[in-house]
Amino acid sequence: MNARTIVHVVSPVAIASRHHLLRPISIFANYNYPFAQFTCLTFQNTNHFPIIINRRRRRRLNAAVMLFPENPVVSDVCATAISATVALSCLRLWEETAKRGIFDQKLNRKLVHISIGLLFMLCWPLFSEGRQGIYLAAFTPGVNIIRMLLVGLGVMKDEDTVKSMSRYGDRRELLKGPLYYAATITAACVLYWRTSPIAIAAICNLCAGDGFADVVGRRFGSQKLPYNKNKSVAGSVAMASAGFLASLGYMYYFARFGYIKESWEMALGFLVISIASALVESLPISTELDDNLTVTLTSMFVGSLVF
């Protein structure tokens, strides 16, 4: 027999609302089903509904990117090998350019600074969800921490690395900037990971922001800051701009995998963090401590306030 069934469906406008309320919409349909009754499907407690959808979508997308979704351990080990290969290949490229003198040593050092961390972050979707994926992703920069210590202390010799990462060719320089660089990227990976915009802001301002600040500042930094003659207006503007644009790019990149949800509010937060990082980097204390520390710590601190 014919039965009229009322089906309540979810309004997309309500899902997008701030309080995640679901507004039922009545759709009338006739079904030739012998056991059909006058039915009303209602939603009373819907606060967690969008979160469940996002988690399911994220799992599906993450499984699609993982090399072996049916075996997360093997997949994460392979992802670690890939990310390590990508980072090592990039490093070897810049070591070769330093050896051949293609770029100025200071420029070559900044190209390493800009590229390594950003390329490493591109590999994050290859890893599985959970602590296992986080720790194996952090393995590559973690090994680099040990490497910087060994080379910097003279336990292991690696002249190519020293030449590509130091300002003046002194191995002890690796115990400062390069060591802090690897340590802060590892910390951002372990503490925040790909589901947090703080990790994006920290690494993008460290790599793109601080890197381009030096490159642009050396070429176009004739106008110095009144409170720090070692820093320029052009360098500070370049830092804020590059850090912000890189953060936006990775926001959309990770949003495609369902790790975060892009929004104007998040973009505004990235802008605030980039400006704050550029301001701190321009201060004299940043030179005394180290840009790699002050920029990353500022990004994490301000990020925890705005996100």
# chains A, B, ... in the order shown; residues from 1 in each chain; ligands from 1
>>> residues_around(residues="Lys224 of chain A", least_positions_apart="2", cutoff="12 Å", atoms="only C-alpha atoms", output="ChimeraX atom specification")
/A:217-218,220-222,226-237,282
>>> select_by_dssp(residues="segment 53-202 of chain A", states="alpha helix (DSSP H)", output="VMD selection string")
chain A and resid 53 to 65 72 to 100 105 to 122 131 to 137 139 to 152 159 to 165 177 to 191 197 to 202
>>> select_by_dssp(residues="segment 71-243 of chain A", states="strand (DSSP E or B)", output="MDAnalysis selection string")
chainID A and resid 224:225 228:232
>>> write_last_selection(atoms="N, CA, C and O atoms", output="compact mmCIF listing (two decimals), in the first residue's frame")
# COMPACT_ATOMS: atom_id res chain seq x y z
N LYS A 224 67.40 50.80 6.71
CA LYS A 224 67.48 50.02 7.94
C LYS A 224 66.37 50.41 8.91
O LYS A 224 65.82 51.53 8.85
N LEU A 225 66.08 49.50 9.83
CA LEU A 225 65.10 49.79 10.87
C LEU A 225 65.71 50.74 11.89
O LEU A 225 66.89 50.61 12.24
N ASN A 228 67.12 48.82 14.93
CA ASN A 228 68.08 47.75 14.70
C ASN A 228 68.73 47.95 13.33
O ASN A 228 68.12 47.65 12.31
N LYS A 229 69.95 48.44 13.33
CA LYS A 229 70.64 48.75 12.08
C LYS A 229 71.09 47.50 11.33
O LYS A 229 71.52 47.58 10.18
N ASN A 230 70.98 46.35 11.97
CA ASN A 230 71.33 45.09 11.29
C ASN A 230 70.16 44.51 10.50
O ASN A 230 70.33 43.53 9.79
N LYS A 231 68.99 45.08 10.66
CA LYS A 231 67.80 44.60 9.96
C LYS A 231 67.25 45.72 9.08
O LYS A 231 67.43 46.91 9.36
N SER A 232 66.57 45.31 7.99
CA SER A 232 66.04 46.29 7.04
C SER A 232 64.53 46.22 6.95
O SER A 232 63.91 45.20 7.31
>>> atom_distance(atom1="atom CA of Phe244 of chain A", atom2="atom CA of Ala137 of chain A")
24.1 Å
>>> residues_around(residues="Phe212 of chain A", least_positions_apart="4", cutoff="12 Å", atoms="only C-alpha atoms", output="PyMOL selection string")
chain A and resi 107+109-115+204-208+216-221+234-246+278
>>> residues_around(residues="Tyr135 of chain A", least_positions_apart="6", cutoff="10 Å", atoms="only C-alpha atoms", output="list in words")
Asp76, Thr80, Phe127, Gly142, Thr186, Cys189, Val190 and Trp193 of chain A
>>> write_last_selection(atoms="C-alpha atoms", output="mmCIF file, in the first residue's frame")
data_model
loop_
_atom_site.group_PDB
_atom_site.id
_atom_site.type_symbol
_atom_site.label_atom_id
_atom_site.label_comp_id
_atom_site.auth_asym_id
_atom_site.auth_seq_id
_atom_site.Cartn_x
_atom_site.Cartn_y
_atom_site.Cartn_z
ATOM 1 C CA ASP A 76 54.716 4.534 7.817
ATOM 2 C CA THR A 80 59.714 7.652 6.539
ATOM 3 C CA PHE A 127 51.848 8.988 7.303
ATOM 4 C CA GLY A 142 65.342 13.947 14.709
ATOM 5 C CA THR A 186 60.917 18.227 15.128
ATOM 6 C CA CYS A 189 55.893 17.943 14.162
ATOM 7 C CA VAL A 190 55.575 16.110 17.494
ATOM 8 C CA TRP A 193 51.338 17.783 13.712
#
>>> closest_residue(among="A:Val306, A:Leu126, A:Leu153, A:Ala187", to="Pro72 of chain A", atoms="only C-alpha atoms")
A:Leu126
>>> closest_residue(among="A:Thr298, A:Leu293, A:Gly269, A:Asn71", to="Thr184 of chain A", atoms="only C-alpha atoms")
A:Leu293
>>> residues_around(residues="Tyr259 of chain A", least_positions_apart="2", cutoff="7 Å", atoms="only C-alpha atoms", output="compact mmCIF listing (two decimals) with all heavy atoms, in the first residue's frame")
# COMPACT_ATOMS: atom_id res chain seq x y z
N ARG A 58 38.46 12.49 6.72
CA ARG A 58 39.90 12.52 6.89
C ARG A 58 40.48 11.12 6.82
O ARG A 58 41.53 10.90 6.24
CB ARG A 58 40.25 13.17 8.23
CG ARG A 58 41.73 13.46 8.40
CD ARG A 58 41.97 14.29 9.63
NE ARG A 58 41.71 13.54 10.84
CZ ARG A 58 41.21 14.08 11.95
NH1 ARG A 58 40.89 15.35 11.98
NH2 ARG A 58 41.03 13.35 13.03
N ARG A 194 49.97 17.71 11.74
CA ARG A 194 49.31 18.27 10.55
C ARG A 194 47.88 18.72 10.79
O ARG A 194 47.27 19.36 9.93
CB ARG A 194 49.32 17.21 9.44
CG ARG A 194 48.57 15.95 9.80
CD ARG A 194 48.92 14.80 8.90
NE ARG A 194 48.21 13.59 9.28
CZ ARG A 194 48.50 12.37 8.83
NH1 ARG A 194 49.49 12.22 7.96
NH2 ARG A 194 47.81 11.32 9.23
N THR A 195 47.30 18.39 11.94
CA THR A 195 45.93 18.81 12.24
C THR A 195 45.87 20.16 12.93
O THR A 195 44.78 20.63 13.26
CB THR A 195 45.23 17.76 13.13
OG1 THR A 195 46.03 17.56 14.31
CG2 THR A 195 45.08 16.44 12.39
N PHE A 254 46.76 21.08 3.31
CA PHE A 254 46.30 20.13 4.32
C PHE A 254 44.77 20.05 4.38
O PHE A 254 44.22 19.02 4.77
CB PHE A 254 46.86 20.50 5.69
CG PHE A 254 48.31 20.17 5.87
CD1 PHE A 254 49.21 21.11 6.33
CD2 PHE A 254 48.79 18.91 5.56
CE1 PHE A 254 50.55 20.80 6.49
CE2 PHE A 254 50.13 18.59 5.70
CZ PHE A 254 51.01 19.53 6.17
N ALA A 255 44.09 21.13 4.00
CA ALA A 255 42.64 21.09 3.96
C ALA A 255 42.13 20.11 2.91
O ALA A 255 41.06 19.52 3.07
CB ALA A 255 42.09 22.48 3.68
N PHE A 257 43.21 17.28 2.39
CA PHE A 257 43.23 15.95 2.98
C PHE A 257 42.31 15.84 4.19
O PHE A 257 42.23 14.79 4.82
CB PHE A 257 44.66 15.57 3.39
CG PHE A 257 45.63 15.54 2.25
CD1 PHE A 257 46.47 16.61 2.00
CD2 PHE A 257 45.71 14.43 1.42
CE1 PHE A 257 47.37 16.59 0.94
CE2 PHE A 257 46.60 14.40 0.36
CZ PHE A 257 47.42 15.47 0.11
>>> closest_residue(among="A:Ile275, A:Leu305, A:Met165, A:Leu191", to="Asp104 of chain A", atoms="only C-alpha atoms")
A:Met165
>>> closest_residue(among="A:Ala201, A:Leu91, A:Val74, A:Met266", to="Thr161 of chain A", atoms="only C-alpha atoms")
A:Leu91
>>> atom_distance(atom1="atom CA of Cys90 of chain A", atom2="atom CA of Trp124 of chain A")
16.6 Å
>>> residues_around(residues="Ser166 of chain A", least_positions_apart="6", cutoff="9 Å", atoms="only C-alpha atoms", output="number ranges by chain")
A: 105-106, 109, 172-174, 177-178
>>> residues_around(residues="Val302 of chain A", least_positions_apart="6", cutoff="9 Å", atoms="only C-alpha atoms", output="ChimeraX atom specification")
/A:198,269,272-273,276-277
>>> atom_distance(atom1="atom CA of Ser83 of chain A", atom2="atom CA of Met66 of chain A")
13.0 Å
